[in-house]
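Reproduced below: coords-v5.txt, with compact mmCIF, C-alpha atoms and all ligand atoms.
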```
# COMPACT_ATOMS: atom_id res chain seq x y z
CA MET B 1 -66.32 -5.72 -30.15
CA ALA B 2 -67.56 -4.09 -26.96
CA SER B 3 -69.82 -6.28 -24.86
CA ALA B 4 -72.87 -4.97 -23.04
CA SER B 5 -72.02 -3.49 -19.67
CA THR B 6 -73.90 -4.40 -16.52
CA PRO B 7 -74.22 -1.37 -14.29
CA ILE B 8 -75.10 -2.14 -10.68
CA ALA B 9 -76.81 0.74 -8.89
CA LEU B 10 -75.14 1.41 -5.55
CA PRO B 11 -76.13 4.26 -3.23
CA VAL B 12 -73.61 7.01 -2.52
CA THR B 13 -72.69 6.75 1.15
CA THR B 14 -70.24 8.30 3.55
CA ARG B 15 -66.84 6.70 3.71
CA ASP B 16 -66.72 3.41 5.65
CA PRO B 17 -64.34 4.00 8.58
CA ARG B 18 -63.30 0.32 8.83
CA PRO B 19 -59.88 -0.31 7.26
CA GLY B 20 -59.75 -2.84 4.44
CA LEU B 21 -58.20 -6.19 5.32
CA SER B 22 -55.92 -6.00 2.27
CA GLY B 23 -54.23 -2.94 3.76
CA LEU B 24 -52.94 -4.95 6.74
CA THR B 25 -49.67 -6.84 6.68
CA PRO B 26 -49.93 -10.55 7.56
CA GLY B 27 -48.12 -9.73 10.83
CA GLU B 28 -50.71 -7.08 11.75
CA LEU B 29 -53.62 -9.39 10.97
CA GLU B 30 -52.09 -12.30 12.87
CA ALA B 31 -51.39 -10.10 15.90
CA TRP B 32 -55.04 -8.99 15.83
CA LEU B 33 -56.25 -12.61 15.68
CA VAL B 34 -53.86 -13.81 18.41
CA ALA B 35 -55.04 -10.95 20.65
CA ARG B 36 -58.54 -12.44 20.22
CA GLY B 37 -57.49 -15.86 21.42
CA GLN B 38 -56.51 -17.59 18.16
CA PRO B 39 -53.40 -19.78 18.37
CA ALA B 40 -50.54 -18.52 16.17
CA TYR B 41 -50.74 -21.43 13.68
CA ARG B 42 -54.48 -20.82 13.24
CA ALA B 43 -53.98 -17.07 12.83
CA LYS B 44 -51.52 -17.84 10.04
CA GLN B 45 -54.01 -20.21 8.36
CA ILE B 46 -56.72 -17.56 8.46
CA GLY B 47 -54.31 -14.97 7.05
CA ASP B 48 -53.38 -17.34 4.21
CA GLY B 49 -57.08 -17.98 3.59
CA ILE B 50 -57.60 -14.26 3.15
CA TRP B 51 -54.52 -13.51 1.04
CA ARG B 52 -54.07 -16.62 -1.02
CA THR B 53 -57.49 -17.99 -1.85
CA GLY B 54 -59.74 -16.57 -4.50
CA ALA B 55 -62.37 -15.89 -1.84
CA TRP B 56 -64.99 -13.21 -2.55
CA SER B 57 -66.30 -12.99 1.03
CA LEU B 58 -65.27 -13.77 4.59
CA ASP B 59 -67.67 -16.72 4.59
CA GLU B 60 -65.41 -18.46 2.09
CA VAL B 61 -62.31 -18.07 4.25
CA LEU B 62 -61.91 -21.43 6.03
CA THR B 63 -64.52 -22.15 8.63
CA LEU B 64 -64.39 -19.28 11.05
CA PRO B 65 -66.17 -19.43 14.44
CA SER B 66 -69.17 -17.14 14.02
CA ALA B 67 -68.14 -14.83 16.91
CA LEU B 68 -64.72 -14.30 15.32
CA ARG B 69 -66.26 -13.75 11.92
CA SER B 70 -68.56 -11.07 13.34
CA GLU B 71 -65.66 -9.42 15.12
CA LEU B 72 -63.55 -9.44 11.94
CA ALA B 73 -66.43 -8.05 9.91
CA ALA B 74 -67.04 -5.30 12.50
CA ALA B 75 -63.38 -4.26 12.53
CA PHE B 76 -62.41 -4.57 8.86
CA ARG B 77 -63.84 -4.56 5.37
CA PHE B 78 -63.16 -7.73 3.40
CA ASP B 79 -63.41 -5.86 0.13
CA THR B 80 -63.07 -2.13 -0.45
CA VAL B 81 -63.85 -1.89 -4.17
CA ALA B 82 -67.18 -2.88 -5.71
CA ASP B 83 -67.32 -3.74 -9.39
CA THR B 84 -70.03 -1.56 -10.87
CA GLU B 85 -69.30 -2.05 -14.51
CA ARG B 86 -67.11 -4.21 -16.69
CA ARG B 87 -66.53 -3.70 -20.40
CA LEU B 88 -64.73 -6.00 -22.79
CA SER B 89 -63.00 -5.05 -26.02
CA ASP B 90 -60.35 -6.40 -28.41
CA GLU B 91 -62.32 -9.65 -28.55
CA GLY B 92 -62.05 -10.09 -24.81
CA LEU B 93 -58.32 -9.25 -24.61
CA THR B 94 -59.01 -6.00 -22.72
CA GLU B 95 -61.32 -5.79 -19.71
CA LYS B 96 -62.07 -2.44 -18.23
CA GLY B 97 -63.53 -2.27 -14.72
CA LEU B 98 -65.20 0.66 -13.00
CA HIS B 99 -65.10 0.29 -9.21
CA ARG B 100 -67.17 2.16 -6.65
CA LEU B 101 -65.53 2.91 -3.30
CA SER B 102 -67.44 3.08 -0.02
CA ASP B 103 -68.03 6.84 -0.31
CA GLY B 104 -69.23 6.60 -3.90
CA ALA B 105 -65.94 7.68 -5.51
CA LEU B 106 -65.28 5.85 -8.81
CA VAL B 107 -61.93 4.44 -9.91
CA GLU B 108 -60.91 2.29 -12.84
CA SER B 109 -58.68 -0.65 -13.55
CA VAL B 110 -57.90 -2.27 -16.90
CA LEU B 111 -56.87 -5.90 -17.34
CA MET B 112 -55.01 -6.66 -20.56
CA HIS B 113 -54.39 -10.22 -21.73
CA TYR B 114 -51.38 -10.91 -23.94
CA PRO B 115 -51.36 -14.42 -25.42
CA ALA B 116 -48.10 -16.42 -25.38
CA ARG B 117 -45.79 -15.50 -28.27
CA GLY B 118 -42.68 -17.48 -29.14
CA ALA B 119 -40.61 -17.94 -26.01
CA GLN B 120 -42.69 -15.38 -24.14
CA ARG B 121 -45.37 -16.80 -21.83
CA GLU B 122 -48.86 -15.37 -21.74
CA ARG B 123 -49.18 -12.24 -19.62
CA HIS B 124 -52.06 -10.66 -17.77
CA THR B 125 -51.25 -7.05 -17.02
CA LEU B 126 -53.45 -5.03 -14.70
CA CYS B 127 -53.45 -1.24 -14.82
CA ILE B 128 -54.60 0.19 -11.46
CA SER B 129 -55.53 3.55 -9.93
CA SER B 130 -53.81 5.20 -6.96
CA GLN B 131 -56.16 8.17 -6.46
CA ALA B 132 -59.77 9.04 -7.27
CA GLY B 133 -59.23 11.83 -9.79
CA CYS B 134 -55.92 13.67 -10.05
CA ALA B 135 -54.70 17.13 -9.02
CA VAL B 136 -52.08 17.42 -11.75
CA GLY B 137 -54.64 18.22 -14.44
CA CYS B 138 -52.90 17.24 -17.67
CA PRO B 139 -55.28 18.57 -20.34
CA PHE B 140 -55.13 15.48 -22.62
CA CYS B 141 -56.07 13.13 -19.77
CA ALA B 142 -59.64 12.21 -18.86
CA THR B 143 -58.69 11.82 -15.18
CA GLY B 144 -57.08 15.25 -15.16
CA GLU B 145 -60.40 16.65 -16.33
CA LEU B 146 -62.20 15.16 -13.34
CA GLY B 147 -60.06 17.02 -10.81
CA PHE B 148 -58.91 15.51 -7.54
CA THR B 149 -61.30 13.67 -5.23
CA ARG B 150 -59.06 11.83 -2.78
CA ASP B 151 -56.13 9.51 -2.19
CA LEU B 152 -56.94 5.80 -2.24
CA GLU B 153 -56.28 3.76 0.89
CA THR B 154 -53.74 0.95 0.64
CA ALA B 155 -56.54 -1.66 0.66
CA GLU B 156 -58.39 0.17 -2.12
CA ILE B 157 -55.27 -0.10 -4.30
CA VAL B 158 -54.60 -3.75 -3.39
CA ASP B 159 -58.24 -4.80 -3.80
CA GLN B 160 -58.21 -3.78 -7.47
CA VAL B 161 -55.53 -6.46 -7.89
CA ARG B 162 -57.47 -8.96 -5.75
CA HIS B 163 -60.53 -8.54 -7.95
CA ALA B 164 -58.55 -9.29 -11.10
CA ALA B 165 -56.64 -12.12 -9.39
CA ARG B 166 -59.88 -13.81 -8.34
CA ARG B 167 -61.38 -13.58 -11.80
CA LEU B 168 -58.22 -14.97 -13.39
CA ALA B 169 -57.89 -17.72 -10.75
CA ALA B 170 -61.24 -19.10 -11.87
CA ASP B 171 -59.50 -20.06 -15.16
CA GLY B 172 -56.25 -21.14 -13.50
CA ARG B 173 -54.52 -17.91 -14.54
CA ARG B 174 -52.89 -15.13 -12.52
CA VAL B 175 -51.99 -11.45 -12.69
CA THR B 176 -48.42 -11.40 -14.04
CA ASN B 177 -47.80 -7.63 -14.17
CA VAL B 178 -49.19 -4.58 -12.41
CA VAL B 179 -48.81 -1.03 -13.72
CA PHE B 180 -49.79 2.09 -11.76
CA MET B 181 -51.03 3.88 -14.87
CA GLY B 182 -54.68 4.23 -13.98
CA MET B 183 -56.25 7.23 -12.31
CA GLY B 184 -54.14 9.46 -10.12
CA GLU B 185 -50.55 10.46 -9.52
CA PRO B 186 -48.98 7.60 -7.51
CA LEU B 187 -46.11 9.71 -6.18
CA LEU B 188 -48.58 12.13 -4.58
CA ASN B 189 -49.95 9.16 -2.56
CA LEU B 190 -46.60 7.50 -2.09
CA ASP B 191 -46.94 6.00 1.41
CA ARG B 192 -50.03 4.07 0.40
CA VAL B 193 -48.59 3.10 -2.97
CA LEU B 194 -45.44 1.75 -1.27
CA ALA B 195 -47.54 -0.26 1.20
CA ALA B 196 -49.57 -1.65 -1.73
CA VAL B 197 -46.35 -2.55 -3.60
CA ASP B 198 -45.19 -4.39 -0.45
CA ALA B 199 -48.39 -6.41 -0.53
CA LEU B 200 -47.88 -7.20 -4.21
CA ASN B 201 -44.24 -8.20 -3.63
CA ASP B 202 -44.89 -10.27 -0.52
CA ARG B 203 -44.61 -14.02 -1.20
CA ARG B 204 -47.47 -14.72 1.20
CA ARG B 205 -49.76 -12.36 -0.65
CA PHE B 206 -49.30 -11.80 -4.40
CA GLY B 207 -45.66 -12.82 -4.82
CA LEU B 208 -45.16 -10.48 -7.75
CA GLY B 209 -41.49 -9.65 -8.41
CA ALA B 210 -40.41 -6.00 -8.45
CA ARG B 211 -39.62 -6.36 -12.15
CA HIS B 212 -43.27 -7.06 -12.82
CA ILE B 213 -44.48 -3.82 -11.25
CA THR B 214 -44.28 -0.40 -12.95
CA VAL B 215 -45.16 2.92 -11.35
CA SER B 216 -45.72 5.86 -13.67
CA THR B 217 -45.27 9.45 -12.51
CA SER B 218 -45.81 12.81 -14.13
CA GLY B 219 -42.60 14.00 -12.45
CA VAL B 220 -42.95 14.52 -8.70
CA VAL B 221 -39.24 15.11 -8.04
CA PRO B 222 -39.21 14.64 -4.21
CA GLY B 223 -41.09 11.36 -4.69
CA ILE B 224 -38.56 10.13 -7.27
CA ARG B 225 -35.73 11.04 -4.91
CA ARG B 226 -37.42 9.21 -2.04
CA LEU B 227 -37.74 6.10 -4.22
CA THR B 228 -34.06 6.34 -5.17
CA ALA B 229 -33.11 6.35 -1.48
CA LEU B 230 -35.22 3.21 -0.94
CA GLY B 231 -33.45 1.27 -3.70
CA PRO B 232 -35.09 -0.68 -6.51
CA GLN B 233 -38.74 -1.32 -5.76
CA PHE B 234 -40.25 -1.44 -9.24
CA THR B 235 -39.77 -0.03 -12.72
CA LEU B 236 -40.18 3.71 -12.78
CA ALA B 237 -41.90 5.28 -15.77
CA ILE B 238 -41.81 9.03 -16.27
CA SER B 239 -44.54 10.76 -18.28
CA LEU B 240 -42.38 13.17 -20.20
CA HIS B 241 -44.59 14.23 -23.15
CA ALA B 242 -42.34 17.18 -23.99
CA ALA B 243 -38.67 17.99 -23.49
CA ARG B 244 -39.12 21.76 -23.54
CA ASP B 245 -40.49 23.63 -20.53
CA PRO B 246 -42.96 25.96 -22.27
CA LEU B 247 -44.85 23.04 -23.79
CA ARG B 248 -44.49 20.76 -20.78
CA ASP B 249 -45.88 23.56 -18.55
CA VAL B 250 -49.12 23.16 -20.51
CA LEU B 251 -49.16 19.39 -21.02
CA VAL B 252 -48.08 18.45 -17.48
CA PRO B 253 -48.94 21.42 -15.25
CA LEU B 254 -46.71 20.28 -12.38
CA ASN B 255 -43.79 21.13 -14.68
CA ARG B 256 -44.32 24.68 -13.38
CA ARG B 257 -43.18 23.35 -9.99
CA TRP B 258 -40.58 20.77 -11.11
CA PRO B 259 -39.22 21.68 -14.55
CA VAL B 260 -38.20 19.00 -17.00
CA ALA B 261 -34.45 19.26 -16.33
CA GLU B 262 -35.03 18.52 -12.62
CA VAL B 263 -37.29 15.59 -13.44
CA VAL B 264 -34.78 14.05 -15.83
CA ALA B 265 -31.89 14.67 -13.39
CA ALA B 266 -33.83 12.84 -10.65
CA ALA B 267 -34.63 10.00 -13.06
CA ARG B 268 -30.98 9.75 -14.11
CA ASP B 269 -29.88 9.47 -10.46
CA HIS B 270 -32.54 6.83 -9.94
CA ALA B 271 -31.19 4.79 -12.86
CA ALA B 272 -27.59 5.21 -11.65
CA VAL B 273 -28.35 4.17 -8.06
CA THR B 274 -30.76 1.32 -8.79
CA GLY B 275 -29.23 0.07 -12.05
CA ARG B 276 -32.74 0.09 -13.51
CA ARG B 277 -33.52 1.54 -16.90
CA ILE B 278 -35.98 4.42 -16.83
CA THR B 279 -38.98 4.28 -19.14
CA TYR B 280 -40.22 7.60 -20.50
CA GLU B 281 -43.74 7.92 -21.88
CA ALA B 282 -44.82 10.46 -24.46
CA THR B 283 -48.47 10.77 -25.45
CA MET B 284 -48.33 11.92 -29.06
CA ILE B 285 -50.68 14.81 -29.77
CA GLY B 286 -51.10 15.95 -33.39
CA GLY B 287 -49.40 19.29 -34.11
CA ILE B 288 -48.64 19.89 -30.43
CA ASN B 289 -45.67 17.83 -29.21
CA ASP B 290 -44.81 15.81 -32.32
CA THR B 291 -42.77 18.28 -34.39
CA ASP B 292 -39.20 17.65 -35.56
CA GLU B 293 -38.05 20.30 -33.12
CA ASP B 294 -39.71 18.41 -30.25
CA ALA B 295 -38.16 15.13 -31.38
CA ARG B 296 -34.71 16.73 -31.53
CA ALA B 297 -35.15 18.33 -28.10
CA MET B 298 -36.15 14.97 -26.59
CA ALA B 299 -33.26 13.21 -28.30
CA GLU B 300 -30.81 15.78 -26.91
CA LEU B 301 -32.32 15.59 -23.43
CA LEU B 302 -32.04 11.81 -23.22
CA ARG B 303 -28.95 11.16 -25.34
CA GLY B 304 -26.57 8.79 -23.52
CA ASP B 305 -29.07 7.93 -20.75
CA HIS B 306 -30.03 4.42 -19.59
CA ALA B 307 -33.55 5.06 -20.83
CA HIS B 308 -36.26 3.91 -23.18
CA VAL B 309 -39.07 5.97 -24.71
CA ASN B 310 -42.61 4.71 -25.35
CA LEU B 311 -44.53 6.81 -27.84
CA ILE B 312 -48.29 6.45 -27.36
CA PRO B 313 -50.84 7.96 -29.77
CA MET B 314 -53.23 10.10 -27.75
CA ASN B 315 -56.60 8.55 -27.00
CA PRO B 316 -59.39 11.00 -27.82
CA VAL B 317 -60.77 12.86 -24.78
CA ALA B 318 -64.00 14.85 -24.97
CA HIS B 319 -62.81 18.12 -23.47
CA THR B 320 -59.78 18.79 -25.67
CA PRO B 321 -59.41 20.07 -29.21
CA TRP B 322 -56.51 17.62 -29.70
CA THR B 323 -56.21 14.26 -31.44
CA ALA B 324 -53.49 11.63 -31.92
CA SER B 325 -50.51 12.35 -34.14
CA PRO B 326 -50.69 10.49 -37.47
CA ASP B 327 -48.70 7.24 -37.58
CA PRO B 328 -46.03 8.48 -40.04
CA VAL B 329 -45.35 11.47 -37.77
CA ILE B 330 -44.85 9.17 -34.78
CA GLU B 331 -42.57 6.91 -36.87
CA ARG B 332 -40.50 9.96 -37.79
CA PHE B 333 -40.31 11.09 -34.14
CA ALA B 334 -39.11 7.60 -33.15
CA ALA B 335 -36.52 7.64 -35.93
CA THR B 336 -35.06 10.94 -34.64
CA LEU B 337 -34.75 9.47 -31.14
CA ARG B 338 -33.14 6.28 -32.45
CA ALA B 339 -30.68 8.25 -34.59
CA ALA B 340 -29.45 9.84 -31.34
CA GLY B 341 -29.06 6.41 -29.75
CA VAL B 342 -32.24 6.68 -27.65
CA THR B 343 -34.30 3.47 -27.93
CA ALA B 344 -37.96 4.07 -28.67
CA THR B 345 -41.05 1.96 -29.30
CA ILE B 346 -44.48 2.93 -30.52
CA ARG B 347 -47.23 1.54 -28.33
CA ARG B 348 -50.70 1.37 -29.73
CA ASN B 349 -53.29 1.66 -27.04
CA ARG B 350 -55.56 -1.23 -26.31
CA GLY B 351 -59.25 -0.89 -25.93
CA GLN B 352 -59.55 2.58 -27.34
CA GLU B 353 -63.18 2.03 -28.23
CA ILE B 354 -64.07 1.38 -24.59
CA GLY B 355 -62.05 4.32 -23.37
CA ALA B 356 -59.13 2.35 -22.01
CA ALA B 357 -57.09 5.43 -21.24
CA CYS B 358 -57.87 5.31 -17.56
CA GLY B 359 -60.27 7.92 -16.34
CA GLN B 360 -62.35 7.94 -19.49
CA LEU B 361 -65.03 5.63 -18.16
CA ALA B 362 -65.28 7.58 -14.91
CA ALA B 363 -65.40 10.84 -16.85
CA GLU B 364 -68.23 9.44 -18.92
CA ARG B 365 -70.08 8.54 -15.72
CA ALA B 366 -69.53 12.03 -14.29
CA GLY B 367 -71.77 13.22 -17.12
CA GLU B 368 -71.27 15.47 -20.10
CA PRO B 369 -69.91 18.87 -19.09
CA PRO B 370 -71.96 21.85 -20.31
CA PRO B 371 -71.02 22.74 -23.92
CA ALA B 372 -70.11 26.30 -22.93
CA MET B 373 -67.56 24.97 -20.45
CA VAL B 374 -66.06 22.62 -23.02
CA ALA B 375 -65.82 25.50 -25.52
CA ARG B 376 -64.08 27.75 -22.95
CA ARG B 377 -61.68 24.98 -22.00
CA ARG B 378 -60.82 24.27 -25.62
CA ALA B 379 -60.26 27.95 -26.38
CA ARG B 380 -57.96 28.31 -23.36
CA LEU B 381 -55.96 25.25 -24.38
CA GLU B 382 -55.62 26.50 -27.95
CA ASP B 383 -54.41 29.84 -26.60
CA GLU B 384 -51.97 28.22 -24.15
CA SER B 385 -50.56 25.92 -26.80
CA VAL B 386 -49.97 28.85 -29.20
CA HIS B 387 -47.84 30.55 -26.52
CA ALA B 388 -46.09 27.29 -25.68
CA LEU B 389 -45.26 26.61 -29.32
CA ARG B 390 -43.70 30.07 -29.48
CA GLY B 391 -41.49 29.03 -26.57
CA GLU B 392 -43.13 31.22 -23.93
CA ARG B 393 -43.33 29.80 -20.39
CA SER B 394 -46.74 29.54 -18.74
CA HIS B 395 -47.85 32.14 -16.21
CA GLU B 396 -50.56 29.84 -14.90
CA PRO B 397 -50.13 28.82 -11.24
CA VAL B 398 -48.98 25.37 -10.11
CA PRO B 399 -52.16 23.30 -9.61
CA ALA B 400 -53.47 23.22 -6.02
CA GLY B 401 -52.57 20.02 -4.18
CA VAL B 402 -49.30 19.58 -6.08
CA GLY B 403 -45.94 20.31 -4.48
CA GLU B 404 -44.84 20.84 -0.92
N1 LIG B 501 -50.34 10.11 -13.17
C1 LIG B 501 -49.38 9.20 -13.65
C2 LIG B 501 -49.93 7.80 -13.88
C3 LIG B 501 -51.29 7.70 -14.47
S1 LIG B 501 -51.48 8.29 -16.14
C4 LIG B 501 -48.72 9.72 -14.90
O1 LIG B 501 -49.19 10.70 -15.46
O2 LIG B 501 -47.70 9.16 -15.28
C5 LIG B 501 -50.76 6.94 -17.03
C6 LIG B 501 -50.30 7.28 -18.43
O3 LIG B 501 -51.45 7.49 -19.29
C7 LIG B 501 -49.47 8.53 -18.49
O4 LIG B 501 -48.27 8.32 -19.21
C8 LIG B 501 -50.40 9.49 -19.21
O5 LIG B 501 -49.69 10.47 -19.87
C9 LIG B 501 -51.17 8.57 -20.14
N2 LIG B 501 -52.39 9.18 -20.69
C10 LIG B 501 -53.29 9.94 -20.04
N3 LIG B 501 -54.28 10.34 -20.87
C11 LIG B 501 -53.99 9.82 -22.08
C12 LIG B 501 -54.64 9.90 -23.37
N4 LIG B 501 -55.75 10.61 -23.55
N5 LIG B 501 -54.06 9.23 -24.39
C13 LIG B 501 -52.92 8.51 -24.21
N6 LIG B 501 -52.27 8.42 -23.03
C14 LIG B 501 -52.80 9.07 -21.97
FE1 LIG B 502 -52.89 12.92 -13.46
FE2 LIG B 502 -51.35 11.26 -14.91
FE3 LIG B 502 -53.71 12.14 -15.87
FE4 LIG B 502 -51.69 13.84 -15.64
S1 LIG B 502 -51.78 12.02 -16.97
S2 LIG B 502 -53.80 14.24 -14.99
S3 LIG B 502 -50.69 13.12 -13.79
S4 LIG B 502 -53.40 10.84 -14.09
```
Can the structure in the file be given as structure tokens, please?
Amino acid sequence: MASASTPIALPVTTRDPRPGLSGLTPGELEAWLVARGQPAYRAKQIGDGIWRTGAWSLDEVLTLPSALRSELAAAFRFDTVADTERRLSDEGLTEKGLHRLSDGALVESVLMHYPARGAQRERHTLCISSQAGCAVGCPFCATGELGFTRDLETAEIVDQVRHAARRLAADGRRVTNVVFMGMGEPLLNLDRVLAAVDALNDRRRFGLGARHITVSTSGVVPGIRRLTALGPQFTLAISLHAARDPLRDVLVPLNRRWPVAEVVAAARDHAAVTGRRITYEATMIGGINDTDEDARAMAELLRGDHAHVNLIPMNPVAHTPWTASPDPVIERFAATLRAAGVTATIRRNRGQEIGAACGQLAAERAGEPPPAMVARRRARLEDESVHALRGERSHEPVPAGVGE
């Protein structure tokens, strides 16, 4: 049951130049406070007040001298994401949030509650965005349809987690897992994503273990290689969708820059160096990437790897002619993978009725595209997929903003 949403009208403004407090490390904040005459122990207390409490404003952070509070407020933003809308579904088990940034850009986060089951404790998994929009332009993705607006700042990524943490703290609960599977391609904003992961890992801030953080990428090979050099930071998920280049060129347009063999080779090296299993994701699209031939190609590609495949029925998106593969087809696909020794699970999406595939709420807010544009887009996709299914590589260019 979807609950009524409560839109809050906020004016579109230019971007606030003050950095967000959540983008600073405790050391940076303490140095700033000490430079303004605070003793070190007090600077640490203030830092803890900001990171650890469920405060919603600076006024709630200990009792700050008013001059210092004004100075802090003039230099930094306490909060960089405003909740403009919140929708509940799955009887309250899924909460979708639409956040407005200081320049009016919209991003989404989704909080999913999993009750305790057997030996497994209850989990609260937050799916967050790393960019407003996305340059990669996968045609089955609502974010891809929006195009790219901008990279999020570190604080804008971290504050999505702070919002959820504060809401959960009110009931004595906490965020147990964070997945970068919202809007945007995290590996095209990697410096900020890594700084945000540091904040999530840091015991003084969120104290979330690396095993509880997953970053999903559509296959930015230099980014994967950079992560491999850094050592294990989090679980890496690769959005594979198709094992054959002609089809993947269409489904994940950056495949034209980094073909599937390069992506999987980089993922394999990552697994070998970090000892971490790679998760592959495949959004299952009826009649497009769910054939026996596709299943066999994926099984061959991943056979013998330290990998796991999640098969996810496609969530409907307005601009595409495509729909989810039927359940028996997905079962059959999974069986082909398993027969080759590749472990696979089928993941049903939560909150489909509220558009929980990230980007859908923002796309809805961006307004309905003109019908003629939708018709053109659909016709082009149908044409492209016919060529792809015949095994012909795409002649379309690599999307702008992707690649070096
Ligand atoms: N850009 C990154 C992370 C964000 S997308 C990436 O592509 O991996 C997170 C996941 O949602 C990806 O696996 C993506 O393929 C999936 N996804 C996007 N649109 C979807 C849809 N309409 N239905 C089901 N999954 C979708
Ligand atoms: Fe971008 Fe990921 Fe959506 Fe593709 S699936 S357009 S990479 S957000």
Could you give me the residues within 6 Å of ligand LIG 501 (chain B), counting all atoms listed in the file, as a list of chain:residue names?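 For ligand LIG 501 (chain B), the residues inside 6 Å are B:Phe140, B:Cys141, B:Met181, B:Gly182, B:Met183, B:Gly184, B:Glu185, B:Ser216, B:Thr217, B:Ser218, B:Ile238, B:Ser239, B:Glu281, B:Thr283, B:Ile312, B:Pro313, B:Met314, B:Asn315, B:Pro316, B:Val317, B:Ala357.
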Which residue gives the smallest distance to Gly27 in chain B among B:Ala40, B:Ala105, B:Val250, B:Val161, with all atoms listed in the file counted?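 The answer is B:Ala40, which sits nearest to Gly27 in chain B.
Across the model, the gap from CA of Val264 in chain B to CA of Ile213 in chain B is 20.8 Å.
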Skipping near chain neighbours, those fewer than 6 positions away, what residues fall within 10 Å of His163 in chain B using only C-alpha atoms, listed as a PDB file with C-alpha atoms, in the coordinates of the input?
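Ended up saving to part_30.pdb:
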```pdb
ATOM      1  CA  GLY B  54     -59.740 -16.570  -4.500  1.00  0.00           C
ATOM      2  CA  ALA B  55     -62.370 -15.890  -1.840  1.00  0.00           C
ATOM      3  CA  TRP B  56     -64.990 -13.210  -2.550  1.00  0.00           C
ATOM      4  CA  ASP B  79     -63.410  -5.860   0.130  1.00  0.00           C
ATOM      5  CA  VAL B  81     -63.850  -1.890  -4.170  1.00  0.00           C
ATOM      6  CA  ALA B  82     -67.180  -2.880  -5.710  1.00  0.00           C
ATOM      7  CA  ASP B  83     -67.320  -3.740  -9.390  1.00  0.00           C
ATOM      8  CA  GLY B  97     -63.530  -2.270 -14.720  1.00  0.00           C
ATOM      9  CA  SER B 109     -58.680  -0.650 -13.550  1.00  0.00           C
ATOM     10  CA  ALA B 169     -57.890 -17.720 -10.750  1.00  0.00           C
TER      11      ALA B 169
END
```
Can you work out which one of B:Gln131, B:Thr214, B:Ser385, B:Thr274 has the shortest atom-to-atom distance to ligand LIG 502 (chain B), counting all atoms listed in the file?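 Using all atoms listed in the file, the shortest distance to ligand LIG 502 (chain B) belongs to B:Gln131.
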Who sits within 7 Å of range 71-77 of chain B, all atoms listed in the file, same chain under 6 positions skipped, as a list in words: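 Near neighbours after the sequence-gap exclusion: Arg18, Pro19, Gly20 and Leu21 of chain B.
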note - CA of Met373 in chain B and CA of Glu145 in chain B are separated by 11.7 Å
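Each of B:Ser130, B:Thr323, B:Thr228, B:Thr176 was compared to ligand LIG 502 (chain B) using all atoms listed in the file, and B:Ser130 turns out to be the nearest.
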Check the smallest atom-to-atom distance from each of B:Asp249, B:Asp191, B:Glu85, B:Asp48 to ligand LIG 502 (chain B) using all atoms listed in the file, then report the winner. B:Asp249
Could you check which of B:Gly47, B:Pro186, B:Pro371, B:Pro397 is closest to ligand LIG 502 (chain B), using all atoms listed in the file?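 Answer, going by the shortest atom-to-atom distance: B:Pro186.
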Do a neighbour search on Glu122 in chain B at 12 Å with only C-alpha atoms, toss out local chain neighbours closer than 3 positions, and write the hits as a CSV table (one decimal) with C-alpha atoms, in the coordinates of the input.
```csv
chain,number,residue,atom,x,y,z
B,93,LEU,CA,-58.3,-9.2,-24.6
B,112,MET,CA,-55.0,-6.7,-20.6
B,113,HIS,CA,-54.4,-10.2,-21.7
B,114,TYR,CA,-51.4,-10.9,-23.9
B,115,PRO,CA,-51.4,-14.4,-25.4
B,116,ALA,CA,-48.1,-16.4,-25.4
B,117,ARG,CA,-45.8,-15.5,-28.3
B,118,GLY,CA,-42.7,-17.5,-29.1
B,119,ALA,CA,-40.6,-17.9,-26.0
B,125,THR,CA,-51.2,-7.0,-17.0
B,173,ARG,CA,-54.5,-17.9,-14.5
B,174,ARG,CA,-52.9,-15.1,-12.5
B,175,VAL,CA,-52.0,-11.4,-12.7
B,176,THR,CA,-48.4,-11.4,-14.0
B,177,ASN,CA,-47.8,-7.6,-14.2
```
Report, in Å to a single decimal, how far apart CA of Arg192 in chain B and CA of Leu64 in chain B are.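 Here the two named atoms are 29.4 Å from each other.
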At a cut-off of 12 Å around the point (-42.7, 8.6, -37.4) (file coordinates), what residues fall inside when counting all atoms listed in the file? I'd like the answer as a list in words. Met284, Gly286, Asp290, Thr291, Asp292, Ala295, Leu311, Ile312, Pro313, Ser325, Pro326, Asp327, Pro328, Val329, Ile330, Glu331, Arg332, Phe333, Ala334, Ala335, Thr336, Leu337, Arg338, Ala344, Thr345 and Ile346 of chain B
Can you work out which one of B:Gly401, B:Pro253, B:Pro259, B:Pro65 has the shortest atom-to-atom distance to Pro139 in chain B, counting all atoms listed in the file?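 Comparing B:Gly401, B:Pro253, B:Pro259, B:Pro65 against Pro139 in chain B, the winner is B:Pro253.
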